[in-house]
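Asks: Have a peek at input_5.cif (mmCIF, C-alpha atoms and all ligand atoms).
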```cif
data_data
#
loop_
_atom_site.label_atom_id
_atom_site.label_comp_id
_atom_site.auth_asym_id
_atom_site.auth_seq_id
_atom_site.Cartn_x
_atom_site.Cartn_y
_atom_site.Cartn_z
CA MET L 1 82.20 55.82 130.89
CA SER L 2 84.92 57.00 128.51
CA HIS L 3 88.10 54.93 128.29
CA ILE L 4 90.05 57.93 127.04
CA ILE L 5 92.33 59.81 129.42
CA HIS L 6 90.68 63.15 128.66
CA ARG L 7 92.21 66.52 129.51
CA ASN L 8 89.68 66.80 132.33
CA LEU L 9 89.34 63.49 134.16
CA HIS L 10 86.12 64.55 135.89
CA GLN L 11 84.21 65.70 132.85
CA PRO L 12 84.67 64.39 129.32
CA PRO L 13 84.14 67.07 126.67
CA PRO L 14 81.15 67.08 124.28
CA VAL L 15 81.41 64.69 121.33
CA ALA L 16 82.11 66.53 118.07
CA VAL L 17 80.23 64.82 115.24
CA ARG L 18 80.42 67.34 112.42
CA ALA L 19 82.40 70.42 111.55
CA SER L 20 82.07 72.76 108.62
CA GLY L 21 83.29 76.30 107.95
CA ILE L 22 83.68 78.07 111.27
CA THR L 23 81.22 75.78 113.08
CA VAL L 24 81.62 72.56 115.07
CA THR L 25 78.50 70.53 115.97
CA ASP L 26 78.28 68.14 118.91
CA SER L 27 76.25 64.95 119.31
CA SER L 28 73.34 66.83 120.92
CA GLY L 29 73.08 69.06 117.85
CA ARG L 30 74.54 72.11 119.58
CA GLU L 31 76.66 74.32 117.34
CA TYR L 32 79.81 76.14 118.40
CA ILE L 33 81.48 79.03 116.59
CA ASP L 34 85.16 78.17 116.39
CA ALA L 35 86.54 81.59 117.36
CA SER L 36 89.86 80.13 118.47
CA GLY L 37 90.47 77.75 115.56
CA GLY L 38 90.73 75.05 118.23
CA ALA L 39 94.05 76.24 119.62
CA ALA L 40 94.98 78.48 116.67
CA VAL L 41 95.00 75.49 114.35
CA SER L 42 92.02 75.61 111.98
CA SER L 43 93.08 78.43 109.70
CA LEU L 44 90.86 77.31 106.81
CA GLY L 45 87.92 76.39 109.00
CA HIS L 46 86.50 72.90 108.84
CA ALA L 47 85.73 70.59 105.90
CA HIS L 48 87.36 72.77 103.27
CA PRO L 49 86.45 70.86 100.07
CA GLU L 50 89.84 71.26 98.39
CA VAL L 51 91.77 70.00 101.37
CA LEU L 52 89.43 67.02 101.74
CA ALA L 53 89.76 66.24 98.03
CA ALA L 54 93.56 66.37 98.21
CA MET L 55 93.52 63.99 101.19
CA HIS L 56 91.13 61.58 99.47
CA ALA L 57 93.23 61.55 96.32
CA GLN L 58 96.40 60.90 98.30
CA ILE L 59 94.80 58.10 100.31
CA ASP L 60 93.70 56.43 97.10
CA ARG L 61 97.21 56.62 95.62
CA ASN L 62 99.44 55.95 98.62
CA ALA L 63 98.33 56.29 102.24
CA TYR L 64 101.74 55.50 103.73
CA ALA L 65 105.27 54.48 102.82
CA HIS L 66 108.06 54.54 105.42
CA THR L 67 110.65 57.29 104.89
CA ALA L 68 113.52 54.85 105.52
CA PHE L 69 112.53 53.34 102.17
CA PHE L 70 110.75 56.02 100.13
CA THR L 71 110.00 59.67 99.74
CA CYS L 72 106.65 60.74 98.26
CA GLU L 73 105.51 63.41 95.85
CA ALA L 74 103.27 65.18 98.35
CA ALA L 75 106.10 65.62 100.88
CA GLU L 76 108.53 66.74 98.17
CA GLN L 77 106.04 69.26 96.82
CA LEU L 78 105.17 70.56 100.27
CA ALA L 79 108.86 71.02 101.15
CA ALA L 80 109.49 72.77 97.83
CA ARG L 81 106.53 75.07 98.41
CA LEU L 82 107.63 75.94 101.97
CA ALA L 83 111.20 76.57 100.82
CA ALA L 84 110.07 78.72 97.89
CA ASP L 85 107.77 80.82 100.09
CA ALA L 86 110.25 81.26 102.95
CA PRO L 87 112.58 84.26 102.92
CA GLY L 88 116.33 83.93 102.47
CA ASP L 89 117.96 80.53 102.32
CA LEU L 90 115.49 78.69 104.55
CA ASP L 91 115.53 76.02 101.88
CA HIS L 92 115.40 72.76 103.79
CA VAL L 93 112.43 71.14 105.46
CA TYR L 94 112.06 68.28 107.95
CA LEU L 95 108.47 67.05 108.21
CA VAL L 96 107.12 65.57 111.44
CA SER L 97 103.72 65.10 113.08
CA GLY L 98 103.19 68.17 115.25
CA GLY L 99 104.63 71.16 117.05
CA SER L 100 106.37 69.43 119.95
CA GLU L 101 108.02 66.92 117.63
CA ALA L 102 109.14 69.80 115.45
CA MET L 103 110.65 71.59 118.44
CA GLU L 104 112.53 68.46 119.53
CA THR L 105 113.77 68.14 115.96
CA ALA L 106 115.03 71.73 115.88
CA LEU L 107 116.86 71.33 119.20
CA LYS L 108 118.58 68.17 118.00
CA LEU L 109 119.40 69.57 114.57
CA ALA L 110 120.97 72.63 116.20
CA ARG L 111 123.04 70.44 118.53
CA GLN L 112 124.20 68.17 115.72
CA TYR L 113 125.15 71.20 113.63
CA TRP L 114 127.62 72.33 116.28
CA LEU L 115 128.94 68.80 116.78
CA GLU L 116 129.73 68.61 113.10
CA GLU L 117 131.22 72.10 113.20
CA GLY L 118 133.76 70.60 115.59
CA GLN L 119 132.31 72.39 118.63
CA PRO L 120 130.99 69.54 120.79
CA GLN L 121 131.15 71.71 123.93
CA ARG L 122 128.10 73.65 122.73
CA SER L 123 125.30 72.15 124.79
CA VAL L 124 123.31 75.09 126.20
CA PHE L 125 120.10 76.59 124.87
CA ILE L 126 119.07 79.99 126.17
CA ALA L 127 115.31 80.42 126.37
CA ARG L 128 112.78 82.80 127.87
CA ARG L 129 110.90 82.69 131.13
CA GLN L 130 107.50 82.84 129.54
CA SER L 131 107.04 80.67 126.51
CA TYR L 132 105.52 77.40 125.41
CA HIS L 133 107.39 75.17 123.01
CA GLY L 134 105.55 71.88 123.47
CA ASN L 135 104.85 69.17 126.00
CA THR L 136 107.62 66.65 125.30
CA LEU L 137 110.58 66.74 127.66
CA GLY L 138 113.04 68.64 125.45
CA ALA L 139 110.42 71.19 124.43
CA LEU L 140 109.25 71.57 128.06
CA ALA L 141 112.86 72.11 129.13
CA VAL L 142 113.23 75.16 126.90
CA GLY L 143 109.64 76.25 127.57
CA GLY L 144 108.80 78.65 130.35
CA ASN L 145 105.25 77.73 131.28
CA GLU L 146 105.69 77.03 134.97
CA TRP L 147 102.35 75.31 135.39
CA ARG L 148 103.12 72.82 132.63
CA ARG L 149 106.74 72.35 133.73
CA ALA L 150 106.35 71.99 137.49
CA PRO L 151 105.38 68.29 137.84
CA PHE L 152 108.15 67.23 135.49
CA ALA L 153 110.85 69.66 136.57
CA PRO L 154 113.19 66.91 137.89
CA LEU L 155 113.20 65.36 134.42
CA LEU L 156 114.03 68.58 132.57
CA VAL L 157 117.45 69.84 131.53
CA ASP L 158 118.11 73.17 133.18
CA VAL L 159 118.48 76.01 130.69
CA PRO L 160 119.39 79.66 131.30
CA ARG L 161 116.30 81.80 130.97
CA VAL L 162 115.83 85.46 130.21
CA SER L 163 112.80 87.73 130.43
CA PRO L 164 110.24 87.53 127.68
CA CYS L 165 109.32 90.60 125.66
CA TYR L 166 106.05 91.37 127.43
CA GLU L 167 105.57 95.09 127.46
CA TYR L 168 102.12 95.23 129.08
CA ARG L 169 103.35 93.62 132.29
CA GLU L 170 107.08 94.11 132.32
CA ARG L 171 107.82 97.64 131.08
CA THR L 172 108.01 99.89 134.09
CA ASP L 173 106.32 103.27 134.36
CA GLY L 174 108.57 105.94 132.94
CA GLN L 175 110.55 103.48 130.83
CA SER L 176 110.23 104.00 127.08
CA THR L 177 109.60 101.04 124.79
CA ALA L 178 113.08 101.54 123.32
CA ASP L 179 114.68 101.52 126.79
CA TYR L 180 112.67 98.44 127.76
CA THR L 181 113.84 96.66 124.60
CA ALA L 182 117.45 97.67 125.19
CA ALA L 183 117.24 96.32 128.76
CA LEU L 184 115.95 92.97 127.48
CA LEU L 185 118.82 92.76 125.00
CA ARG L 186 121.34 93.58 127.72
CA GLU L 187 119.85 90.81 129.83
CA LEU L 188 120.21 88.36 126.95
CA GLU L 189 123.81 89.42 126.38
CA HIS L 190 124.57 88.85 130.08
CA ALA L 191 123.03 85.38 129.88
CA ILE L 192 125.16 84.55 126.83
CA LEU L 193 128.31 85.79 128.55
CA ALA L 194 127.44 83.98 131.79
CA ALA L 195 127.01 80.68 129.95
CA GLY L 196 130.12 81.36 127.85
CA PRO L 197 129.22 82.04 124.21
CA GLU L 198 131.36 79.10 123.10
CA ASN L 199 129.03 76.77 125.07
CA VAL L 200 125.74 78.05 123.69
CA ILE L 201 123.90 76.27 120.88
CA GLY L 202 121.32 78.94 120.31
CA PHE L 203 118.49 81.13 121.52
CA VAL L 204 114.91 79.83 121.40
CA ALA L 205 111.82 82.04 121.32
CA GLU L 206 108.31 82.36 119.95
CA THR L 207 108.20 85.27 117.51
CA VAL L 208 104.74 86.27 118.78
CA VAL L 209 104.00 84.59 122.11
CA GLY L 210 100.89 82.44 121.93
CA ALA L 211 99.39 80.41 124.70
CA THR L 212 101.49 81.43 127.71
CA ALA L 213 100.83 85.13 127.49
CA GLY L 214 98.13 85.59 124.87
CA ALA L 215 99.23 86.95 121.50
CA VAL L 216 102.08 89.14 122.69
CA PRO L 217 104.01 90.70 119.80
CA PRO L 218 107.65 91.71 120.30
CA THR L 219 108.55 95.36 120.73
CA PRO L 220 109.99 97.11 117.65
CA GLY L 221 113.60 96.14 117.11
CA TYR L 222 113.65 93.37 119.73
CA PHE L 223 114.32 90.54 117.30
CA ARG L 224 116.74 92.62 115.24
CA GLY L 225 118.69 93.07 118.46
CA VAL L 226 118.44 89.36 119.24
CA ARG L 227 119.68 88.45 115.76
CA LYS L 228 122.60 90.84 116.17
CA LEU L 229 123.60 89.24 119.48
CA CYS L 230 123.28 85.75 117.99
CA ASP L 231 125.57 86.81 115.11
CA GLN L 232 128.00 88.55 117.42
CA TYR L 233 128.38 85.53 119.71
CA GLY L 234 127.88 82.78 117.12
CA LEU L 235 124.51 81.43 118.34
CA LEU L 236 121.77 79.91 116.23
CA LEU L 237 118.42 81.69 116.34
CA ILE L 238 115.55 79.22 116.62
CA LEU L 239 112.11 80.75 116.23
CA ASP L 240 109.03 78.80 117.29
CA GLU L 241 106.23 79.71 114.90
CA VAL L 242 104.02 76.74 115.72
CA MET L 243 101.20 79.09 116.72
CA CYS L 244 102.10 82.42 115.13
CA GLY L 245 103.33 81.13 111.77
CA MET L 246 101.67 79.95 108.57
CA GLY L 247 99.79 83.17 108.01
CA ARG L 248 98.21 83.56 111.43
CA CYS L 249 99.84 86.98 111.93
CA GLY L 250 99.18 88.25 108.40
CA THR L 251 102.49 87.20 106.81
CA LEU L 252 103.28 83.58 106.13
CA TYR L 253 105.98 83.74 108.82
CA ALA L 254 105.61 86.12 111.74
CA PHE L 255 109.35 86.88 111.70
CA GLU L 256 108.97 88.53 108.27
CA GLN L 257 107.51 91.51 110.16
CA GLU L 258 110.61 91.69 112.37
CA GLY L 259 113.20 92.07 109.62
CA VAL L 260 115.23 89.04 110.72
CA LEU L 261 116.10 85.66 109.29
CA PRO L 262 116.26 82.85 111.87
CA ASP L 263 118.49 79.81 111.37
CA LEU L 264 115.73 77.35 112.22
CA VAL L 265 111.96 77.81 112.18
CA VAL L 266 109.57 75.50 113.99
CA LEU L 267 106.09 74.98 112.49
CA GLY L 268 102.93 73.07 113.40
CA LYS L 269 99.26 73.89 113.87
CA GLY L 270 98.40 76.07 110.83
CA LEU L 271 100.72 74.07 108.57
CA GLY L 272 98.09 71.36 108.22
CA ALA L 273 95.29 73.55 109.63
CA GLY L 274 94.03 70.60 111.67
CA TYR L 275 93.28 68.37 108.70
CA GLN L 276 96.19 66.08 109.52
CA PRO L 277 98.80 65.97 112.28
CA ILE L 278 101.85 67.68 110.80
CA GLY L 279 104.73 69.87 111.92
CA ALA L 280 107.98 70.94 110.30
CA VAL L 281 111.37 72.49 110.81
CA LEU L 282 112.76 74.87 108.23
CA ALA L 283 116.53 75.06 108.19
CA ARG L 284 118.92 77.44 106.48
CA GLN L 285 121.41 76.30 103.91
CA HIS L 286 124.52 76.37 106.14
CA ILE L 287 122.95 74.06 108.73
CA VAL L 288 122.13 71.30 106.30
CA GLN L 289 125.32 71.81 104.28
CA ARG L 290 127.39 71.25 107.43
CA LEU L 291 125.68 67.87 108.01
CA ARG L 292 125.92 66.98 104.32
CA ASP L 293 129.66 67.70 104.33
CA GLY L 294 130.06 65.90 107.65
CA SER L 295 128.30 62.73 108.73
CA GLY L 296 125.87 62.91 105.81
CA ALA L 297 122.79 62.29 107.94
CA PHE L 298 120.68 63.93 110.62
CA GLN L 299 120.54 61.46 113.48
CA HIS L 300 116.82 61.62 114.10
CA GLY L 301 113.60 60.19 112.70
CA HIS L 302 110.00 59.28 113.46
CA THR L 303 107.76 56.56 112.06
CA TYR L 304 105.16 59.02 110.78
CA MET L 305 107.48 61.73 109.50
CA GLY L 306 106.84 62.93 105.96
CA HIS L 307 103.44 61.23 105.99
CA PRO L 308 101.92 61.38 102.50
CA VAL L 309 98.36 62.23 103.57
CA ALA L 310 99.52 64.84 106.06
CA ALA L 311 101.79 66.37 103.43
CA ALA L 312 98.99 66.38 100.84
CA ALA L 313 96.65 68.09 103.29
CA ALA L 314 99.25 70.71 104.22
CA LEU L 315 100.09 71.37 100.58
CA ALA L 316 96.42 71.92 99.79
CA VAL L 317 96.10 74.25 102.78
CA GLN L 318 99.10 76.29 101.62
CA ASN L 319 97.75 76.42 98.06
CA VAL L 320 94.36 77.72 99.21
CA ILE L 321 95.96 80.37 101.46
CA ARG L 322 97.98 81.67 98.54
CA ARG L 323 95.30 81.40 95.83
CA ASP L 324 92.55 83.03 97.91
CA ASN L 325 94.87 85.76 99.24
CA LEU L 326 94.03 84.74 102.79
CA LEU L 327 97.04 86.59 104.20
CA GLY L 328 95.33 89.78 103.05
CA ALA L 329 92.11 88.60 104.69
CA VAL L 330 93.97 87.94 107.96
CA ILE L 331 95.25 91.52 108.06
CA VAL L 332 91.86 93.06 107.29
CA ARG L 333 89.80 90.77 109.55
CA GLY L 334 92.37 90.97 112.34
CA ALA L 335 92.26 94.75 112.37
CA ALA L 336 88.45 94.69 112.29
CA LEU L 337 88.22 92.14 115.10
CA ARG L 338 90.64 94.07 117.32
CA ARG L 339 88.63 97.24 116.66
CA MET L 340 85.37 95.49 117.59
CA LEU L 341 86.94 94.01 120.71
CA ARG L 342 88.24 97.43 121.75
CA ASP L 343 84.78 98.92 121.22
CA ALA L 344 83.19 96.16 123.28
CA PHE L 345 85.80 95.59 126.00
CA GLY L 346 88.21 98.53 125.85
CA GLU L 347 86.81 100.00 129.06
CA HIS L 348 85.88 96.73 130.74
CA PRO L 349 87.13 96.68 134.33
CA HIS L 350 88.55 93.18 133.94
CA VAL L 351 90.17 93.51 130.51
CA GLY L 352 93.67 94.91 130.97
CA ASP L 353 94.96 94.68 127.43
CA ILE L 354 93.75 93.82 123.93
CA ARG L 355 96.57 92.94 121.57
CA GLY L 356 97.89 90.69 118.88
CA ARG L 357 98.87 90.43 115.26
CA GLY L 358 96.62 89.46 112.39
CA LEU L 359 94.13 86.86 113.61
CA LEU L 360 96.10 85.94 116.73
CA ILE L 361 94.46 88.09 119.36
CA GLY L 362 94.64 88.10 123.15
CA LEU L 363 92.54 89.78 125.81
CA GLU L 364 94.43 89.88 129.08
CA LEU L 365 92.16 89.48 132.08
CA VAL L 366 92.83 91.21 135.38
CA LYS L 367 90.97 91.54 138.63
CA ASP L 368 92.07 95.15 138.79
CA ARG L 369 93.11 97.27 135.81
CA ASP L 370 95.39 99.60 137.75
CA SER L 371 97.39 97.04 139.68
CA LYS L 372 97.02 94.40 136.91
CA ALA L 373 96.38 91.91 139.73
CA PRO L 374 95.14 88.54 138.46
CA PHE L 375 92.08 86.56 139.48
CA ASP L 376 92.54 83.49 141.68
CA PRO L 377 92.82 80.62 141.32
CA MET L 378 94.11 80.53 137.74
CA ARG L 379 92.80 77.16 136.60
CA ARG L 380 89.31 77.85 137.87
CA LEU L 381 89.17 81.15 135.99
CA HIS L 382 90.19 79.49 132.73
CA ALA L 383 87.75 76.61 133.19
CA ALA L 384 84.89 78.98 134.03
CA ILE L 385 85.47 81.12 130.94
CA LYS L 386 85.64 78.11 128.66
CA GLU L 387 82.53 76.56 130.19
CA GLU L 388 80.54 79.78 129.91
CA ALA L 389 81.62 80.33 126.30
CA MET L 390 80.80 76.74 125.32
CA ALA L 391 77.40 77.04 126.99
CA ARG L 392 76.79 80.00 124.67
CA GLY L 393 78.03 78.13 121.61
CA LEU L 394 81.44 79.75 121.36
CA MET L 395 84.95 78.31 121.34
CA VAL L 396 87.63 80.60 122.80
CA TYR L 397 90.97 79.59 124.32
CA PRO L 398 91.54 80.82 127.89
CA MET L 399 95.12 80.33 129.04
CA GLY L 400 97.77 81.86 131.18
CA GLY L 401 101.40 81.64 132.05
CA THR L 402 103.51 82.84 134.91
CA ILE L 403 106.70 84.82 135.11
CA ASP L 404 108.30 84.74 138.54
CA GLY L 405 104.91 84.09 140.07
CA ARG L 406 103.19 86.92 138.16
CA ARG L 407 100.42 85.75 135.88
CA GLY L 408 99.16 86.65 132.45
CA ASP L 409 95.65 85.25 132.16
CA HIS L 410 94.06 85.81 128.83
CA VAL L 411 91.49 84.67 126.33
CA LEU L 412 92.98 83.82 122.98
CA LEU L 413 91.00 84.37 119.79
CA ALA L 414 92.31 82.83 116.59
CA PRO L 415 89.42 82.46 114.17
CA PRO L 416 89.74 80.78 110.79
CA PHE L 417 91.09 83.05 108.04
CA ILE L 418 87.92 82.41 106.04
CA ALA L 419 85.62 83.96 108.67
CA SER L 420 83.57 86.87 107.36
CA GLU L 421 83.46 90.20 109.17
CA ALA L 422 79.89 89.51 110.25
CA GLN L 423 80.84 86.11 111.66
N1 LIG N 1 105.07 75.69 120.24
C1 LIG N 1 104.05 76.57 120.38
C2 LIG N 1 104.32 78.02 120.26
C3 LIG N 1 102.76 76.11 120.63
O1 LIG N 1 101.75 76.98 120.79
C4 LIG N 1 102.53 74.71 120.72
C5 LIG N 1 101.17 74.18 121.01
O2 LIG N 1 100.32 74.85 121.51
C6 LIG N 1 103.62 73.84 120.56
C7 LIG N 1 104.87 74.36 120.31
C8 LIG N 1 103.42 72.35 120.65
O3 LIG N 1 102.73 71.89 119.54
P1 LIG N 1 101.90 70.53 119.62
O4 LIG N 1 100.78 70.75 120.58
O5 LIG N 1 101.44 70.32 118.21
O6 LIG N 1 102.83 69.46 120.05
#
```
Let me see whether you can do it: turn the structure in this file into structure tokens.
Replies:
Amino acid sequence: MSHIIHRNLHQPPPVAVRASGITVTDSSGREYIDASGGAAVSSLGHAHPEVLAAMHAQIDRNAYAHTAFFTCEAAEQLAARLAADAPGDLDHVYLVSGGSEAMETALKLARQYWLEEGQPQRSVFIARRQSYHGNTLGALAVGGNEWRRAPFAPLLVDVPRVSPCYEYRERTDGQSTADYTAALLRELEHAILAAGPENVIGFVAETVVGATAGAVPPTPGYFRGVRKLCDQYGLLLILDEVMCGMGRCGTLYAFEQEGVLPDLVVLGKGLGAGYQPIGAVLARQHIVQRLRDGSGAFQHGHTYMGHPVAAAAALAVQNVIRRDNLLGAVIVRGAALRRMLRDAFGEHPHVGDIRGRGLLIGLELVKDRDSKAPFDPMRRLHAAIKEEAMARGLMVYPMGGTIDGRRGDHVLLAPPFIASEAQ
């Protein structure tokens, strides 16, 4: 019997004993192709020698020193690298241990910014109906995954919610993409006005939606319109790039393809590529300057923040991505994979849509292509797909979210950037 509270309490998962390249091996010797990078985490595949070497070297020098007492070279170098590679004045970095922690950090940093601006009445985040920002209570509150939220709803702060940008399901027949986008922006403006712009801290969204809808890119101009509204009404724009960032979509940050600069960026997953638990928030100059000129400190902190080994691993990951031009590989492989998927499943009666950016790819599953009706029940569909794939030695990530009761079941593919075309 396992003493771990596993994700499935009836059936513990196989025991992973080895992992290398794009393959994970379990204790029975069975090999699995990691076509989802876990959950879009393992961007360099497994056991990358340079990342392992960087971790070993860091462990030998200094495995841990608390950030209330010390900083460390690895964290400083990682922050400098992230700041140098980020567009605009996203020059400041707060290092934590994962995506949810990073999202909590961004929410609190945004709130403290307005406090120190002398606007303590700003207490509202506007978020979207279909999104996932993490499993901790603050992140769940701004998230829109109804299945994950439901049991904890009484514990969650209520936030105004607008429609996601989800063209496949939400654009009506006869509506152009431009009209659909304009309608979404009008809806956001109404939500800002309804809350009172002077009460709103900011708008929170995933640049490319990951696990709730399955690699859904925004429509052209959507985020430029969002940025304009945020500027017009004085809101901060907080983009969650935990899944879509760090090269997954073919640029280091997914928002680079949208022509906008957010005020805060939330990172996780691909930052450390699974080698260590690490997440981060990138903040623009004016946010940190306000705190520096005010109280002089961000009122936050975690025991494992800025962890030297995690920072060393993430720095090595970022160095390899840059040196090996893996962003270029993501674009080429992503296009090839989408083409192959369209050839294989483009006419499949139960595949409604094949979409994504770079190596973040979603296949939306439907019972009926015309009505886009989903299969029932949702959890059984996801479990069955995963089980069948694992039985065939393949890791894919079946997921689904709900908007107003309408589902978006999908299989997410997010292979390592190092995968060859043949693999
Ligand atoms: N934000 C997004 C977009 C995510 O996909 C996830 C995880 O799937 C999170 C936040 C939460 O990250 P973590 O699981 O590392 O806490």
Asks: For ligand LIG 1 (chain N), list the contacting residues at 7 Å or closer, counting all atoms listed in the file, as a list in words.
Replies: Ala39, Gly98, Gly99, Ser100, Glu101, Met103, Tyr132, His133, Gly134, Asn135, Glu206, Val209, Gly210, Ala211, Asp240, Glu241, Val242, Met243, Gly268 and Lys269 of chain L
Asks: How would you write as a list of chain:residue names the residues that get within 9 Å of (115.0, 69.0, 132.0) in the file's frame, counting all atoms listed in the file?
Replies: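 Result, sorted by chain then residue number: L:Leu137, L:Gly138, L:Leu140, L:Ala141, L:Val142, L:Phe152, L:Ala153, L:Pro154, L:Leu155, L:Leu156, L:Val157, L:Asp158, L:Val159.
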Asks: Excluding segment 327-329 of chain L and any residue of its chain fewer than 6 positions from it, enumerate the residues within 10 Å of it, using all atoms listed in the file, and give them as number ranges by chain.
Replies: L: 246-252, 321, 335, 358-359, 417-421
Asks: Of the candidates L:Glu256, L:Asp91, L:Glu364, L:Glu347, which shows the shortest atom-to-atom distance to Met399 of chain L, using all atoms listed in the file?
Replies: L:Glu364
Asks: Excluding Val204 of chain L and residues on its chain fewer than 6 positions from it, collect all residues at most 7 Å away from it, counting only C-alpha atoms, and give them as a PDB file with C-alpha atoms, in the frame of the given file.
Replies:
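Saved to part_29.pdb:
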```
ATOM      1  CA  ILE L 126     119.070  79.990 126.170  1.00  0.00           C
ATOM      2  CA  ALA L 127     115.310  80.420 126.370  1.00  0.00           C
ATOM      3  CA  LEU L 237     118.420  81.690 116.340  1.00  0.00           C
ATOM      4  CA  ILE L 238     115.550  79.220 116.620  1.00  0.00           C
ATOM      5  CA  LEU L 239     112.110  80.750 116.230  1.00  0.00           C
TER       6      LEU L 239
END
```
Asks: Restricting the calculation to all atoms listed in the file: of L:Val260, L:Ala80, L:Val265, L:Leu412, which residue gets closest to Val216 of chain L?
Replies: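 Selected residue with least distance to Val216 of chain L: L:Leu412.
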Asks: Using Å and a single decimal, report how far atom CA of Val93 of chain L sits from atom CA of Asn319 of chain L.
Replies: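 Atom-to-atom, atom CA of Asn319 of chain L to atom CA of Val93 of chain L, that is 17.3 Å.
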Asks: How many Å separate atom CA of Leu337 of chain L from atom CA of Arg323 of chain L?
Replies: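 Computing it gives 23.2 Å between the two atoms.
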Asks: Please tell me which residues are no farther than 12 Å from (104.4, 63.5, 99.6) in the file, counting all atoms listed in the file, and write them as a PyMOL selection string.
Replies: chain L and resi 54-55+57-59+61-67+70-81+95+305-316
Asks: Any idea what the distance is between atom CA of Arg342 of chain L and atom CA of Leu365 of chain L?
Replies: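 Computed distance, atom CA of Arg342 of chain L to atom CA of Leu365 of chain L, equals 13.6 Å.
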Asks: Please identify all polymer residues within 12 Å of Leu381 of chain L, counting only C-alpha atoms, omitting same-chain residues fewer than 5 positions from it, and present them as a list in words.
Replies: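 Surrounding residues, per the criterion: Leu365, Val366, Lys367, Pro374, Phe375, Asp376, Lys386, Glu387, Glu388, Tyr397, Pro398, Met399, Gly400, Gly408, Asp409, His410 and Val411 of chain L.
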Asks: Which of these residues is nearest to Met390 of chain L, using all atoms listed in the file: L:Ile33, L:Leu90, L:Ala106, L:Ala183?
Replies: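 For Met390 of chain L, the nearest of the given residues is L:Ile33.
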Asks: Using only C-alpha atoms, which of L:Glu116, L:Ser43, L:Arg169, L:Asp324 sits nearest Gly270 of chain L?
Replies: L:Ser43
Asks: Show which residues sit within 10 Å of Ala283 of chain L, as a PyMOL selection string. Count all atoms listed in the file, and ignore same-chain residues fewer than 3 positions away.
Replies: chain L and resi 83+89-94+106+109-110+238+262-266+280+286-288
Asks: Which residue out of L:Ala205, L:Val351, L:Ala391, L:Ile192 has the minimum interatomic distance to Arg129 of chain L when all atoms listed in the file are used?
Replies: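 Of all the options, L:Ala205 lies closest to Arg129 of chain L.
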Asks: Looking at L:Met395, L:Cys244, L:Val330, L:Leu52, which one is nearest to Pro217 of chain L, with distances taken over all atoms listed in the file?
Replies: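 Nearest to Pro217 of chain L: L:Cys244.
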Asks: Just segment 299-326 of chain L from the block, C-alpha atoms, as a PDB file, in the first residue's frame, could you?
Replies:
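Contents of result.pdb, as written:
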```pdb
ATOM      1  CA  GLN L 299       5.552  42.068   2.099  1.00  0.00           C
ATOM      2  CA  HIS L 300       5.828  38.458   1.027  1.00  0.00           C
ATOM      3  CA  GLY L 301       8.285  35.574   1.192  1.00  0.00           C
ATOM      4  CA  HIS L 302       8.677  31.809   1.181  1.00  0.00           C
ATOM      5  CA  THR L 303      11.243  29.557   2.829  1.00  0.00           C
ATOM      6  CA  TYR L 304      12.414  28.054  -0.457  1.00  0.00           C
ATOM      7  CA  MET L 305      12.335  31.189  -2.604  1.00  0.00           C
ATOM      8  CA  GLY L 306      15.474  31.908  -4.596  1.00  0.00           C
ATOM      9  CA  HIS L 307      16.708  28.379  -3.956  1.00  0.00           C
ATOM     10  CA  PRO L 308      20.302  28.044  -5.204  1.00  0.00           C
ATOM     11  CA  VAL L 309      19.929  24.604  -6.793  1.00  0.00           C
ATOM     12  CA  ALA L 310      16.632  25.491  -8.432  1.00  0.00           C
ATOM     13  CA  ALA L 311      18.131  28.720  -9.750  1.00  0.00           C
ATOM     14  CA  ALA L 312      21.227  26.904 -11.045  1.00  0.00           C
ATOM     15  CA  ALA L 313      19.047  24.359 -12.834  1.00  0.00           C
ATOM     16  CA  ALA L 314      16.855  27.060 -14.382  1.00  0.00           C
ATOM     17  CA  LEU L 315      19.876  29.080 -15.472  1.00  0.00           C
ATOM     18  CA  ALA L 316      21.350  26.018 -17.177  1.00  0.00           C
ATOM     19  CA  VAL L 317      18.015  25.336 -18.872  1.00  0.00           C
ATOM     20  CA  GLN L 318      17.844  28.908 -20.172  1.00  0.00           C
ATOM     21  CA  ASN L 319      21.454  28.755 -21.369  1.00  0.00           C
ATOM     22  CA  VAL L 320      20.849  25.537 -23.321  1.00  0.00           C
ATOM     23  CA  ILE L 321      17.664  26.926 -24.920  1.00  0.00           C
ATOM     24  CA  ARG L 322      19.564  29.954 -26.148  1.00  0.00           C
ATOM     25  CA  ARG L 323      22.802  28.218 -27.176  1.00  0.00           C
ATOM     26  CA  ASP L 324      21.085  25.397 -29.073  1.00  0.00           C
ATOM     27  CA  ASN L 325      18.563  27.741 -30.722  1.00  0.00           C
ATOM     28  CA  LEU L 326      15.728  25.674 -29.315  1.00  0.00           C
TER      29      LEU L 326
END
```
